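Shown here: upload.txt, compact mmCIF, C-alpha atoms and all ligand atoms.
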# COMPACT_ATOMS: atom_id res chain seq x y z
CA MET R 1 6.70 -18.99 -25.44
CA THR R 2 5.41 -16.79 -28.21
CA THR R 3 7.04 -17.33 -31.56
CA ILE R 4 8.01 -14.24 -33.48
CA PRO R 5 7.04 -14.20 -37.15
CA ALA R 6 10.22 -14.51 -39.22
CA ALA R 7 9.42 -11.38 -41.27
CA SER R 8 9.43 -9.07 -38.23
CA ALA R 9 12.40 -10.62 -36.48
CA ALA R 10 15.36 -8.29 -36.95
CA LEU R 11 18.68 -9.99 -36.42
CA CYS R 12 21.47 -8.94 -34.12
CA ASP R 13 24.39 -7.26 -35.91
CA ASP R 14 26.78 -8.73 -33.37
CA CYS R 15 25.79 -12.40 -33.29
CA GLY R 16 23.05 -12.92 -35.88
CA GLU R 17 20.46 -14.17 -33.39
CA PRO R 18 16.94 -12.64 -33.41
CA LEU R 19 16.37 -9.40 -31.47
CA THR R 20 13.37 -8.95 -29.21
CA ALA R 21 10.23 -7.81 -31.03
CA ASP R 22 7.84 -6.15 -28.52
CA PRO R 23 7.79 -2.49 -29.66
CA ARG R 24 6.79 -1.28 -26.18
CA PHE R 25 10.21 -2.17 -24.77
CA VAL R 26 13.88 -1.78 -25.54
CA ARG R 27 14.95 -3.93 -28.50
CA TRP R 28 17.90 -6.08 -27.46
CA CYS R 29 19.60 -9.39 -28.12
CA PRO R 30 18.98 -12.03 -25.44
CA ALA R 31 21.69 -14.23 -26.99
CA CYS R 32 24.65 -11.85 -26.65
CA GLY R 33 23.21 -9.03 -24.54
CA TRP R 34 23.56 -6.34 -27.21
CA ASN R 35 21.66 -3.14 -26.23
CA ALA R 36 20.38 -4.68 -22.96
CA ARG R 37 21.24 -1.41 -21.26
CA PRO R 38 20.99 1.25 -23.99
CA GLY R 39 23.05 4.37 -23.55
CA GLY R 40 24.59 3.17 -20.31
CA ALA R 41 28.33 3.38 -19.93
CA PRO R 42 29.80 0.08 -18.81
CA ARG R 43 29.96 0.13 -15.03
CA SER R 44 33.28 -0.89 -13.61
CA ALA R 45 33.07 -3.48 -10.88
CA GLY R 46 34.28 -1.11 -8.20
CA ALA R 47 35.17 -1.54 -4.57
CA GLU R 48 31.50 -1.36 -3.66
CA THR R 49 30.71 -4.47 -5.67
CA ALA R 50 33.64 -6.34 -4.16
CA VAL R 51 32.36 -5.54 -0.67
CA GLU R 52 28.86 -6.72 -1.58
CA LEU R 53 30.27 -9.95 -3.00
CA ARG R 54 32.14 -10.53 0.25
CA PHE R 55 28.92 -10.05 2.22
CA LEU R 56 27.17 -12.53 -0.05
CA ALA R 57 29.96 -15.09 0.39
CA ALA R 58 29.81 -14.61 4.17
CA ALA R 59 26.04 -15.08 4.18
CA ARG R 60 26.38 -18.26 2.17
CA THR R 61 29.02 -19.87 4.33
CA SER R 62 27.77 -18.89 7.77
CA ALA R 63 25.97 -21.85 9.29
CA ARG R 64 23.78 -19.66 11.44
CA LEU R 65 22.90 -16.51 9.55
CA ARG R 66 22.06 -14.64 12.72
CA PRO R 67 24.27 -11.55 12.99
CA GLN R 68 27.08 -12.44 15.36
CA ARG R 69 28.09 -10.73 18.55
CA ASP R 70 31.54 -10.06 17.15
CA LEU R 71 34.08 -7.26 17.62
CA ALA R 72 32.25 -4.95 15.22
CA TRP R 73 29.11 -5.44 17.25
CA LEU R 74 30.95 -4.67 20.50
CA ALA R 75 32.53 -1.54 18.98
CA THR R 76 29.12 -0.36 17.77
CA VAL R 77 27.57 -0.84 21.20
CA LEU R 78 30.43 1.09 22.82
CA VAL R 79 30.33 4.01 20.33
CA ALA R 80 26.55 4.20 20.74
CA GLY R 81 27.07 4.22 24.53
CA LEU R 82 29.44 7.21 24.22
CA VAL R 83 26.86 9.07 22.14
CA HIS R 84 24.19 8.41 24.78
CA LEU R 85 26.57 9.50 27.56
CA LEU R 86 27.16 12.79 25.75
CA THR R 87 23.40 13.38 25.45
CA LEU R 88 23.03 12.62 29.15
CA GLY R 89 25.94 14.95 29.99
CA VAL R 90 24.44 17.83 28.01
CA THR R 91 21.07 17.35 29.72
CA VAL R 92 22.38 17.02 33.26
CA GLY R 93 24.88 19.86 32.74
CA GLY R 94 22.12 22.11 31.38
CA VAL R 95 19.84 21.47 34.35
CA ASP R 96 22.70 21.94 36.82
CA LEU R 97 23.80 25.27 35.33
CA LEU R 98 20.23 26.52 35.12
CA VAL R 99 19.48 25.67 38.75
CA THR R 100 22.75 26.50 40.54
CA GLY R 101 24.65 28.86 38.21
CA HIS R 102 24.89 32.67 38.10
CA LEU R 103 23.11 34.60 35.39
CA PRO R 104 25.61 34.03 32.51
CA ALA R 105 25.88 30.37 33.51
CA LYS R 106 22.08 30.10 33.53
CA ALA R 107 22.08 31.31 29.91
CA VAL R 108 24.58 28.60 28.95
CA GLY R 109 22.42 26.07 30.81
CA LEU R 110 19.41 27.15 28.79
CA VAL R 111 21.31 26.71 25.53
CA LEU R 112 22.45 23.23 26.64
CA LEU R 113 18.85 22.28 27.44
CA CYS R 114 17.76 23.47 23.98
CA VAL R 115 20.46 21.24 22.48
CA ALA R 116 19.34 18.35 24.73
CA PHE R 117 15.79 18.87 23.52
CA SER R 118 16.93 18.56 19.87
CA LEU R 119 18.83 15.39 20.81
CA ARG R 120 15.88 13.70 22.53
CA PRO R 121 15.36 10.17 21.18
CA ARG R 122 12.62 10.18 18.57
CA LEU R 123 11.21 6.70 18.80
CA GLY R 124 8.02 7.32 16.86
CA SER R 125 4.56 6.52 18.14
CA LEU R 126 1.55 4.66 16.87
CA ARG R 127 -0.34 7.93 16.77
CA SER R 128 2.20 9.67 14.54
CA PHE R 129 2.45 6.51 12.40
CA ARG R 130 -1.31 6.57 11.82
CA ARG R 131 -1.30 10.25 10.96
CA ASN R 132 -1.46 10.91 7.19
CA GLN R 133 -1.34 7.22 6.37
CA VAL R 134 -4.03 4.72 5.42
CA THR R 135 -3.82 2.25 8.30
CA LEU R 136 -5.76 -0.93 8.83
CA ASP R 137 -6.23 -2.24 12.37
CA ARG R 138 -6.80 -5.74 13.66
CA ASP R 139 -10.58 -5.40 14.15
CA GLN R 140 -11.04 -4.01 10.63
CA ALA R 141 -9.32 -6.89 8.87
CA PRO R 142 -9.46 -10.21 10.76
CA ALA R 143 -8.57 -12.41 7.78
CA PHE R 144 -5.61 -10.20 6.84
CA TYR R 145 -4.28 -10.20 10.40
CA ALA R 146 -4.79 -13.96 10.67
CA LEU R 147 -2.33 -14.32 7.79
CA LEU R 148 0.11 -11.75 9.26
CA ASP R 149 0.00 -13.51 12.64
CA GLU R 150 0.57 -16.89 11.05
CA VAL R 151 3.71 -15.61 9.31
CA ALA R 152 4.93 -13.86 12.48
CA ASP R 153 4.34 -16.94 14.66
CA HIS R 154 6.10 -19.20 12.18
CA LEU R 155 9.24 -17.06 12.35
CA GLY R 156 9.08 -16.35 16.08
CA ALA R 157 8.55 -12.63 15.39
CA ARG R 158 6.21 -10.38 17.35
CA ARG R 159 2.77 -9.77 15.84
CA VAL R 160 2.27 -6.30 14.33
CA ARG R 161 0.12 -3.65 15.96
CA THR R 162 -1.03 -1.96 12.79
CA VAL R 163 -0.40 -1.91 9.07
CA ALA R 164 -0.03 1.16 6.86
CA LEU R 165 -1.10 0.66 3.26
CA ARG R 166 0.98 2.86 1.02
CA PRO R 167 1.27 4.05 -2.57
CA ASP R 168 4.83 2.80 -3.18
CA TYR R 169 6.27 -0.35 -4.72
CA ASN R 170 7.98 -1.57 -1.55
CA ALA R 171 7.29 -2.72 2.00
CA PHE R 172 8.89 -2.16 5.40
CA HIS R 173 8.89 -3.37 8.99
CA ALA R 174 9.51 -0.93 11.83
CA ARG R 175 9.31 -0.73 15.60
CA LEU R 176 7.83 2.24 17.40
CA GLY R 177 8.10 3.77 20.83
CA LEU R 178 9.90 2.66 23.97
CA LEU R 179 8.06 -0.66 23.80
CA GLN R 180 9.25 -1.10 20.20
CA ARG R 181 5.82 -2.10 18.94
CA PRO R 182 6.16 -3.66 15.49
CA VAL R 183 4.30 -2.14 12.55
CA LEU R 184 4.21 -3.00 8.88
CA GLY R 185 4.17 -0.72 5.84
CA LEU R 186 2.83 -2.39 2.73
CA GLY R 187 2.95 -0.75 -0.68
CA LEU R 188 -0.26 -1.73 -2.45
CA PRO R 189 1.17 -1.46 -6.00
CA LEU R 190 3.57 -4.25 -5.01
CA TRP R 191 1.14 -6.30 -2.92
CA GLU R 192 -1.66 -6.15 -5.48
CA THR R 193 0.52 -7.40 -8.32
CA LEU R 194 2.03 -10.37 -6.48
CA ASP R 195 0.55 -13.85 -6.56
CA PRO R 196 -0.39 -15.57 -3.26
CA ARG R 197 2.96 -17.34 -2.81
CA GLN R 198 4.95 -14.19 -3.56
CA ARG R 199 2.84 -12.33 -1.00
CA ILE R 200 3.85 -14.90 1.62
CA ALA R 201 7.48 -14.42 0.55
CA LEU R 202 7.14 -10.65 0.96
CA LEU R 203 5.56 -10.94 4.40
CA ALA R 204 8.18 -13.49 5.49
CA HIS R 205 10.98 -11.09 4.51
CA GLU R 206 9.39 -8.18 6.36
CA PHE R 207 8.58 -10.20 9.49
CA GLY R 208 12.08 -11.59 9.20
CA HIS R 209 13.22 -8.08 10.17
CA GLY R 210 11.42 -8.64 13.46
CA ALA R 211 13.29 -11.87 14.09
CA ASN R 212 16.76 -11.54 12.56
CA GLY R 213 18.50 -9.58 15.35
CA ASP R 214 19.63 -6.76 13.05
CA ALA R 215 21.99 -4.51 15.03
CA ARG R 216 21.12 -1.47 12.92
CA ARG R 217 17.55 -1.70 14.08
CA SER R 218 18.18 -2.09 17.81
CA LEU R 219 16.99 0.74 20.03
CA TRP R 220 20.51 1.33 21.41
CA THR R 221 22.25 1.70 18.04
CA GLY R 222 19.32 3.21 16.13
CA VAL R 223 18.91 6.10 18.57
CA ALA R 224 22.68 6.75 18.54
CA VAL R 225 22.74 6.93 14.73
CA ARG R 226 19.86 9.42 14.72
CA THR R 227 21.53 11.45 17.50
CA LEU R 228 24.73 11.73 15.44
CA ALA R 229 22.67 13.03 12.52
CA VAL R 230 21.15 15.72 14.78
CA TRP R 231 24.63 16.69 16.06
CA SER R 232 25.82 17.04 12.49
CA ASP R 233 22.86 19.32 11.68
CA LEU R 234 23.34 21.41 14.82
CA LEU R 235 27.05 21.87 14.15
CA THR R 236 26.72 22.76 10.48
CA PRO R 237 26.46 26.55 10.58
CA ALA R 238 24.11 28.25 8.18
CA GLN R 239 25.87 30.68 5.83
CA MET R 240 25.04 33.91 7.59
CA PRO R 241 25.91 37.33 6.22
CA VAL R 242 28.58 39.30 8.06
CA ARG R 243 27.06 42.62 9.07
CA ASN R 244 29.21 43.70 11.99
CA LEU R 245 32.45 43.04 13.84
CA VAL R 246 30.96 40.40 16.17
CA GLU R 247 29.70 38.40 13.23
CA LEU R 248 33.05 38.80 11.48
CA ILE R 249 34.89 37.44 14.52
CA ALA R 250 32.36 34.58 14.78
CA ARG R 251 32.94 33.69 11.16
CA TRP R 252 36.67 33.24 11.73
CA THR R 253 36.59 31.63 15.16
CA VAL R 254 33.37 29.83 16.09
CA TYR R 255 32.36 28.65 12.63
CA PRO R 256 35.60 26.80 11.79
CA LEU R 257 35.45 25.12 15.18
CA MET R 258 31.85 24.04 14.55
CA ALA R 259 32.75 22.84 11.07
CA LEU R 260 35.58 20.76 12.49
CA LEU R 261 33.29 19.21 15.11
CA ALA R 262 30.64 18.54 12.46
CA HIS R 263 33.28 16.79 10.36
CA LEU R 264 34.29 14.60 13.30
CA VAL R 265 30.66 13.73 13.99
CA ARG R 266 30.13 12.72 10.37
CA ARG R 267 33.26 10.57 10.48
CA LEU R 268 31.92 8.86 13.59
CA ALA R 269 28.54 8.28 11.92
CA ALA R 270 30.34 6.80 8.89
CA THR R 271 32.29 4.48 11.20
CA VAL R 272 29.10 3.24 12.84
CA HIS R 273 27.61 2.70 9.38
CA ARG R 274 30.64 0.62 8.33
CA LEU R 275 30.59 -1.37 11.56
CA THR R 276 26.91 -2.27 11.17
CA LEU R 277 26.86 -2.76 7.40
CA ARG R 278 28.00 -6.38 7.52
CA SER R 279 25.49 -7.39 10.18
CA GLY R 280 22.81 -5.44 8.29
CA ARG R 281 23.52 -7.38 5.11
CA GLN R 282 23.53 -10.68 7.03
CA ALA R 283 20.14 -9.70 8.46
CA GLU R 284 18.76 -9.01 4.97
CA TYR R 285 19.99 -12.34 3.61
CA LEU R 286 18.52 -14.05 6.65
CA ALA R 287 15.17 -12.34 5.95
CA ASP R 288 15.37 -13.71 2.38
CA ALA R 289 16.11 -17.17 3.81
CA PHE R 290 12.92 -16.81 5.89
CA SER R 291 11.03 -16.07 2.65
CA VAL R 292 12.37 -19.29 1.15
CA ARG R 293 11.43 -21.23 4.26
CA LEU R 294 7.83 -20.07 4.26
CA ALA R 295 7.06 -19.44 0.58
CA GLY R 296 9.60 -21.63 -1.21
CA THR R 297 12.54 -20.96 -3.52
CA GLU R 298 10.54 -20.23 -6.68
CA ALA R 299 8.13 -17.75 -5.07
CA THR R 300 11.01 -15.89 -3.40
CA ALA R 301 13.01 -15.70 -6.62
CA ASP R 302 9.90 -14.47 -8.47
CA LEU R 303 9.32 -11.83 -5.81
CA LEU R 304 12.90 -10.57 -6.15
CA ALA R 305 12.60 -10.49 -9.94
CA ALA R 306 9.31 -8.55 -9.60
CA LEU R 307 11.16 -5.88 -7.60
CA THR R 308 12.80 -4.74 -10.85
CA LEU R 309 9.40 -3.89 -12.39
CA GLY R 310 8.58 -0.99 -10.06
CA ASN R 311 8.54 1.68 -12.76
CA SER R 312 5.53 -0.06 -14.35
CA VAL R 313 3.29 1.64 -11.78
CA ALA R 314 4.20 5.16 -12.92
CA HIS R 315 3.89 3.99 -16.53
CA VAL R 316 0.34 2.68 -16.11
CA VAL R 317 -0.76 5.72 -14.10
CA ARG R 318 0.60 8.03 -16.82
CA ARG R 319 -1.07 6.01 -19.57
CA ARG R 320 -4.42 6.20 -17.79
CA ARG R 321 -4.10 9.94 -17.26
CA ASN R 322 -3.29 10.52 -20.91
CA ALA R 323 -6.20 8.34 -22.04
CA GLN R 324 -8.45 10.36 -19.74
CA ALA R 325 -7.07 13.68 -21.06
CA GLY R 326 -8.09 12.61 -24.56
CA THR R 327 -11.78 12.25 -23.68
CA PRO R 328 -13.94 15.05 -25.12
CA ARG R 329 -14.92 17.76 -22.63
CA ARG R 330 -15.99 21.38 -22.56
CA ARG R 331 -13.35 24.10 -22.79
CA GLY R 332 -11.66 24.93 -19.51
CA GLU R 333 -13.02 21.81 -17.90
CA ARG R 334 -10.36 19.61 -16.31
CA ALA R 335 -10.06 16.02 -17.41
CA PRO R 336 -11.85 13.74 -14.95
CA ARG R 337 -9.66 11.46 -12.91
CA PRO R 338 -9.59 7.86 -14.05
CA GLU R 339 -11.84 5.48 -12.12
CA ALA R 340 -9.96 4.37 -8.99
CA ASP R 341 -11.23 0.79 -9.01
CA THR R 342 -9.91 -0.03 -12.47
CA LEU R 343 -6.28 0.87 -11.68
CA TRP R 344 -5.42 -2.43 -10.00
CA PRO R 345 -6.69 -4.84 -12.68
CA GLU R 346 -5.03 -2.66 -15.33
CA LEU R 347 -1.73 -2.70 -13.45
CA ARG R 348 -1.90 -6.48 -13.06
CA GLU R 349 -2.74 -6.90 -16.72
CA TYR R 350 0.16 -4.69 -17.79
CA LEU R 351 2.65 -6.55 -15.60
CA ALA R 352 1.40 -9.89 -16.91
CA SER R 353 1.92 -8.62 -20.45
CA ILE R 354 5.62 -7.87 -19.94
CA PRO R 355 7.38 -10.60 -21.94
CA ALA R 356 9.98 -12.90 -20.42
CA GLU R 357 12.77 -11.27 -22.46
CA GLU R 358 11.99 -7.85 -21.00
CA ARG R 359 11.96 -9.27 -17.46
CA GLU R 360 15.30 -10.89 -18.22
CA ARG R 361 16.63 -7.55 -19.51
CA ARG R 362 15.56 -5.71 -16.36
CA LEU R 363 17.40 -8.29 -14.27
CA ARG R 364 20.52 -7.84 -16.38
CA VAL R 365 20.31 -4.06 -16.05
CA SER R 366 19.84 -4.39 -12.31
CA GLU R 367 22.93 -6.60 -12.24
CA LEU R 368 24.98 -4.18 -14.36
CA GLU R 369 23.94 -1.23 -12.23
CA GLY R 370 24.00 -3.08 -8.92
CA THR R 371 20.56 -1.70 -8.03
CA ALA R 372 18.82 -2.52 -4.78
CA VAL R 373 15.32 -1.68 -3.53
CA ASP R 374 17.03 0.86 -1.23
CA SER R 375 20.40 1.48 0.42
CA GLY R 376 19.49 -0.81 3.31
CA HIS R 377 19.31 -3.85 1.05
CA PRO R 378 21.93 -5.83 -0.88
CA PRO R 379 21.77 -5.50 -4.69
CA THR R 380 18.73 -7.41 -5.93
CA HIS R 381 20.72 -9.71 -8.25
CA LEU R 382 22.91 -10.84 -5.34
CA ARG R 383 19.81 -11.58 -3.27
CA LEU R 384 18.58 -13.71 -6.17
CA GLU R 385 21.93 -15.48 -6.32
CA PHE R 386 21.73 -16.15 -2.58
CA VAL R 387 18.18 -17.53 -2.81
CA ARG R 388 19.02 -19.75 -5.77
CA GLY R 389 22.09 -21.03 -3.93
CA LEU R 390 20.02 -22.35 -1.03
CA PRO R 391 18.78 -25.96 -1.19
CA PRO R 392 15.53 -25.91 -3.24
CA TRP R 393 12.57 -25.72 -0.88
CA PRO R 394 8.81 -25.91 -1.56
CA GLY R 395 7.77 -23.61 1.30
CA GLU R 396 6.10 -24.40 4.63
CA LEU R 397 3.03 -22.16 4.45
CA THR R 398 0.05 -22.87 2.23
CA PRO R 399 -1.27 -19.51 1.01
CA PRO R 400 -4.82 -18.84 2.21
CA ASP R 401 -7.76 -18.03 -0.02
CA PHE R 402 -7.21 -14.31 -0.58
CA ALA R 403 -10.89 -13.47 -1.33
CA ASP R 404 -11.62 -12.39 2.28
CA ILE R 405 -8.36 -10.45 2.56
CA ASP R 406 -8.98 -8.70 -0.76
CA ALA R 407 -12.43 -7.66 0.47
CA GLU R 408 -10.95 -6.26 3.69
CA LEU R 409 -8.45 -4.20 1.70
CA ALA R 410 -11.04 -2.84 -0.76
CA ALA R 411 -11.44 0.61 0.84
CA ALA R 412 -7.67 1.06 1.19
CA ARG R 413 -7.18 -0.02 -2.42
CA ARG R 414 -9.58 2.69 -3.60
CA GLU R 415 -7.93 5.34 -1.41
CA ILE R 416 -4.38 4.48 -2.55
CA ALA R 417 -5.50 4.44 -6.20
CA ARG R 418 -6.87 7.96 -5.66
CA GLN R 419 -3.53 9.03 -4.17
CA LEU R 420 -1.63 7.55 -7.08
CA GLN R 421 -3.52 9.13 -9.94
ZN ZN B 1 23.44 -10.75 -30.36
ZN ZN B 2 14.65 -6.12 4.06
Before anything else, please render the file you have as structure tokens.
Ligand SMILES: [Zn+2]
Ligand SMILES: [Zn+2]
Amino acid sequence: MTTIPAASAALCDDCGEPLTADPRFVRWCPACGWNARPGGAPRSAGAETAVELRFLAAARTSARLRPQRDLAWLATVLVAGLVHLLTLGVTVGGVDLLVTGHLPAKAVGLVLLCVAFSLRPRLGSLRSFRRNQVTLDRDQAPAFYALLDEVADHLGARRVRTVALRPDYNAFHARLGLLQRPVLGLGLPLWETLDPRQRIALLAHEFGHGANGDARRSLWTGVAVRTLAVWSDLLTPAQMPVRNLVELIARWTVYPLMALLAHLVRRLAATVHRLTLRSGRQAEYLADAFSVRLAGTEATADLLAALTLGNSVAHVVRRRRNAQAGTPRRRGERAPRPEADTLWPELREYLASIPAEERERRLRVSELEGTAVDSGHPPTHLRLEFVRGLPPWPGELTPPDFADIDAELAAARREIARQLQ
């Protein structure tokens, strides 16, 4: 704890306790919360929050966190089956009309086949995943993959085929192709600023997605959700100008019909979303429980708290650019880019310099705003509450010596730093 010199410590008008003193951050009162979220209107605890609290309570009380094969699950599987049947019908109908129909029918068949082509399941492929991304394969990084495999094996998840190293402050787990090959996306700004135990917690959460039976991520449901999105796009008519009688008639007959169908499709997609939301949240909490199991309660809680510091990356990048712009140079000459290798130590140093009160404030803001890393995740403060509510656990995996792994990631680190600045 740093002690603030009495002379500089302004006192809170509301409660008389000292305000925070670091001029780089918002000045607020940790005792009563005054100005913790400056300028923000108080957010009413709406229906959304109530739903999230129910999901949290369910996650806490369920003995086995694994998403259950309940009625919602059955309904999702059936709705997805209908969507697939429709795709199949359009395809088979198109082929049939094209082969056996008369000329006008052949034209309809061709249109149906075009629609079927738009509806084809897009499962992704390793090749498209590697395109435009910095990927690191098994043979390039044996120490890194040894750690990834250890985490995967511990959780009973499949080992990943490849890893994309990315410029964002997040990570993801995905499955590609008909064989559903697992891949990992790892944001280096996040990875590079975590300590060894937090890195294990992050990997455990991501690999947890390969082992938690999340219905949203199954091939059957996932393809149906994407198909509904394509239907909605196809049925939403572009605003076309009316230049003749045919177009005028179309505007008043075909378009409203399409709009109605598009509306129904969107309602169906919303229903599927609602049906899978609960199991999706259960899956996320289960992934956090995996983090606790492998990395321990403290490391997992620290990781979740670190997720609120994401905007530090943009801050440090901006600061470095401005410092570089100030260096003397000839007229018309562009400022040189900052040295790529120094970004990471500077980012780590900046994050380490953020005082405890500011970290606390970010957590409070995240709680007040109900922020999550993305819409697929529960609000971060509820994840923290969940983790802290589990029996304290030291973690089952001893973090390896990261020197070898750091060396294997050196080229990617340089490349991502270049992308960032
Ligand atoms: Zn106060
Ligand atoms: Zn997740």
Restricting to only C-alpha atoms and all ligand atoms, whichever of R:Val254, R:Val373, R:Leu126, R:Ala50 is closest to ligand ZN 2 (chain B) is R:Val373
Ligand ZN 2 (chain B): which residues are within 10 Å, counting only C-alpha atoms and all ligand atoms? Reply as a PyMOL selection string.
chain R and resi 170-173+202+204-209+280-281+283-288+373-374+376-378
Point out the residue among R:Gly187, R:Gly310, R:Pro256, R:Gly210 with the least atom-to-atom distance to Ala417 in chain R, counting all atoms listed in the file.
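The closest residue to Ala417 in chain R is R:Gly187.
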Ligand ZN 1 (chain B) neighbours within 10 Å using all atoms listed in the file, as a list of chain:residue names
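The neighbouring residues of ligand ZN 1 (chain B) are, in order, R:Leu11, R:Cys12, R:Asp13, R:Asp14, R:Cys15, R:Gly16, R:Glu17, R:Pro18, R:Leu19, R:Trp28, R:Cys29, R:Pro30, R:Ala31, R:Cys32, R:Gly33, R:Trp34, R:Asn35.
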Identify which of the residues R:Glu415, R:Asp214, R:Glu357, R:Glu408 lies closest to Tyr145 in chain R, counting only C-alpha atoms when measuring atom-to-atom distances.
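For Tyr145 in chain R, the nearest of the given residues is R:Glu408.
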Write out as number ranges by chain the residues lying within 10 Å of Leu261 in chain R, counting all atoms listed in the file and excluding same-chain residues fewer than 5 positions away.
R: 231-232, 235-236, 255-256, 266-267
Got a sec: who's within 12 Å of Ser118 in chain R, counting all atoms listed in the file, leaving out chain neighbours fewer than 5 positions off, as a PDB file with C-alpha atoms, in the coordinates of the input?
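Dumped to part09.pdb:
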ATOM      1  CA  THR R  87      23.400  13.380  25.450  1.00  0.00           C
ATOM      2  CA  VAL R  90      24.440  17.830  28.010  1.00  0.00           C
ATOM      3  CA  THR R  91      21.070  17.350  29.720  1.00  0.00           C
ATOM      4  CA  VAL R 111      21.310  26.710  25.530  1.00  0.00           C
ATOM      5  CA  LEU R 112      22.450  23.230  26.640  1.00  0.00           C
ATOM      6  CA  LEU R 113      18.850  22.280  27.440  1.00  0.00           C
ATOM      7  CA  ARG R 226      19.860   9.420  14.720  1.00  0.00           C
ATOM      8  CA  THR R 227      21.530  11.450  17.500  1.00  0.00           C
ATOM      9  CA  LEU R 228      24.730  11.730  15.440  1.00  0.00           C
ATOM     10  CA  ALA R 229      22.670  13.030  12.520  1.00  0.00           C
ATOM     11  CA  VAL R 230      21.150  15.720  14.780  1.00  0.00           C
ATOM     12  CA  TRP R 231      24.630  16.690  16.060  1.00  0.00           C
ATOM     13  CA  SER R 232      25.820  17.040  12.490  1.00  0.00           C
ATOM     14  CA  ASP R 233      22.860  19.320  11.680  1.00  0.00           C
ATOM     15  CA  LEU R 234      23.340  21.410  14.820  1.00  0.00           C
TER      16      LEU R 234
END
Please provide as a ChimeraX atom specification all residues within 6 Å of range 153-161 of chain R, with the sequence filter that same-chain residues fewer than 5 positions apart are discarded (counting only C-alpha atoms).
/R:182-183,210-211
CA of Asn311 in chain R and CA of Tyr169 in chain R, how far apart in Å?
8.6 Å
Interatomic distance, CA of Arg418 in chain R to CA of Ala164 in chain R (Å, one decimal)
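Spanning CA of Arg418 in chain R to CA of Ala164 in chain R is a straight-line distance of 15.8 Å.
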Kindly indicate which residue among R:Val365, R:Leu136, R:Thr49, R:Ala238 lies nearest to Ala410 in chain R, using all atoms listed in the file for the distances.
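Selected residue with least distance to Ala410 in chain R: R:Leu136.
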At a cut-off of 12 Å, can you tabulate as JSON lines every residue of range 9-105 of chain R near range 386-391 of chain R together with its closest atom pair and the distance in Å to one decimal, using only C-alpha atoms and ordering rows by chain then number?
{"residue": "R:Glu52", "atom": "CA", "partner": "R:Phe386", "partner_atom": "CA", "distance": 11.9}
{"residue": "R:Leu53", "atom": "CA", "partner": "R:Phe386", "partner_atom": "CA", "distance": 10.6}
{"residue": "R:Phe55", "atom": "CA", "partner": "R:Phe386", "partner_atom": "CA", "distance": 10.6}
{"residue": "R:Leu56", "atom": "CA", "partner": "R:Phe386", "partner_atom": "CA", "distance": 7.0}
{"residue": "R:Ala57", "atom": "CA", "partner": "R:Phe386", "partner_atom": "CA", "distance": 8.8}
{"residue": "R:Ala58", "atom": "CA", "partner": "R:Phe386", "partner_atom": "CA", "distance": 10.6}
{"residue": "R:Ala59", "atom": "CA", "partner": "R:Phe386", "partner_atom": "CA", "distance": 8.1}
{"residue": "R:Arg60", "atom": "CA", "partner": "R:Phe386", "partner_atom": "CA", "distance": 7.0}
{"residue": "R:Thr61", "atom": "CA", "partner": "R:Phe386", "partner_atom": "CA", "distance": 10.7}
{"residue": "R:Ala63", "atom": "CA", "partner": "R:Leu390", "partner_atom": "CA", "distance": 11.9}
Got a minute to add N, CA, C and O atoms to range 150-156 of chain R and dump it as a tab-separated table (two decimals), keeping the file's coordinate frame?
chain	number	residue	atom	x	y	z
R	150	GLU	N	0.05	-15.56	11.37
R	150	GLU	CA	0.57	-16.89	11.05
R	150	GLU	C	2.03	-16.79	10.62
R	150	GLU	O	2.88	-17.57	11.06
R	151	VAL	N	2.33	-15.80	9.76
R	151	VAL	CA	3.71	-15.61	9.31
R	151	VAL	C	4.60	-15.24	10.50
R	151	VAL	O	5.69	-15.80	10.68
R	152	ALA	N	4.13	-14.31	11.33
R	152	ALA	CA	4.93	-13.86	12.48
R	152	ALA	C	5.21	-15.04	13.42
R	152	ALA	O	6.35	-15.25	13.83
R	153	ASP	N	4.18	-15.82	13.73
R	153	ASP	CA	4.34	-16.94	14.66
R	153	ASP	C	5.31	-17.98	14.12
R	153	ASP	O	6.12	-18.53	14.85
R	154	HIS	N	5.22	-18.22	12.82
R	154	HIS	CA	6.10	-19.20	12.18
R	154	HIS	C	7.56	-18.82	12.34
R	154	HIS	O	8.43	-19.68	12.44
R	155	LEU	N	7.85	-17.51	12.31
R	155	LEU	CA	9.24	-17.06	12.35
R	155	LEU	C	9.67	-16.69	13.77
R	155	LEU	O	10.81	-16.30	13.98
R	156	GLY	N	8.74	-16.76	14.72
R	156	GLY	CA	9.08	-16.35	16.08
R	156	GLY	C	9.21	-14.84	16.19
R	156	GLY	O	9.93	-14.34	17.06
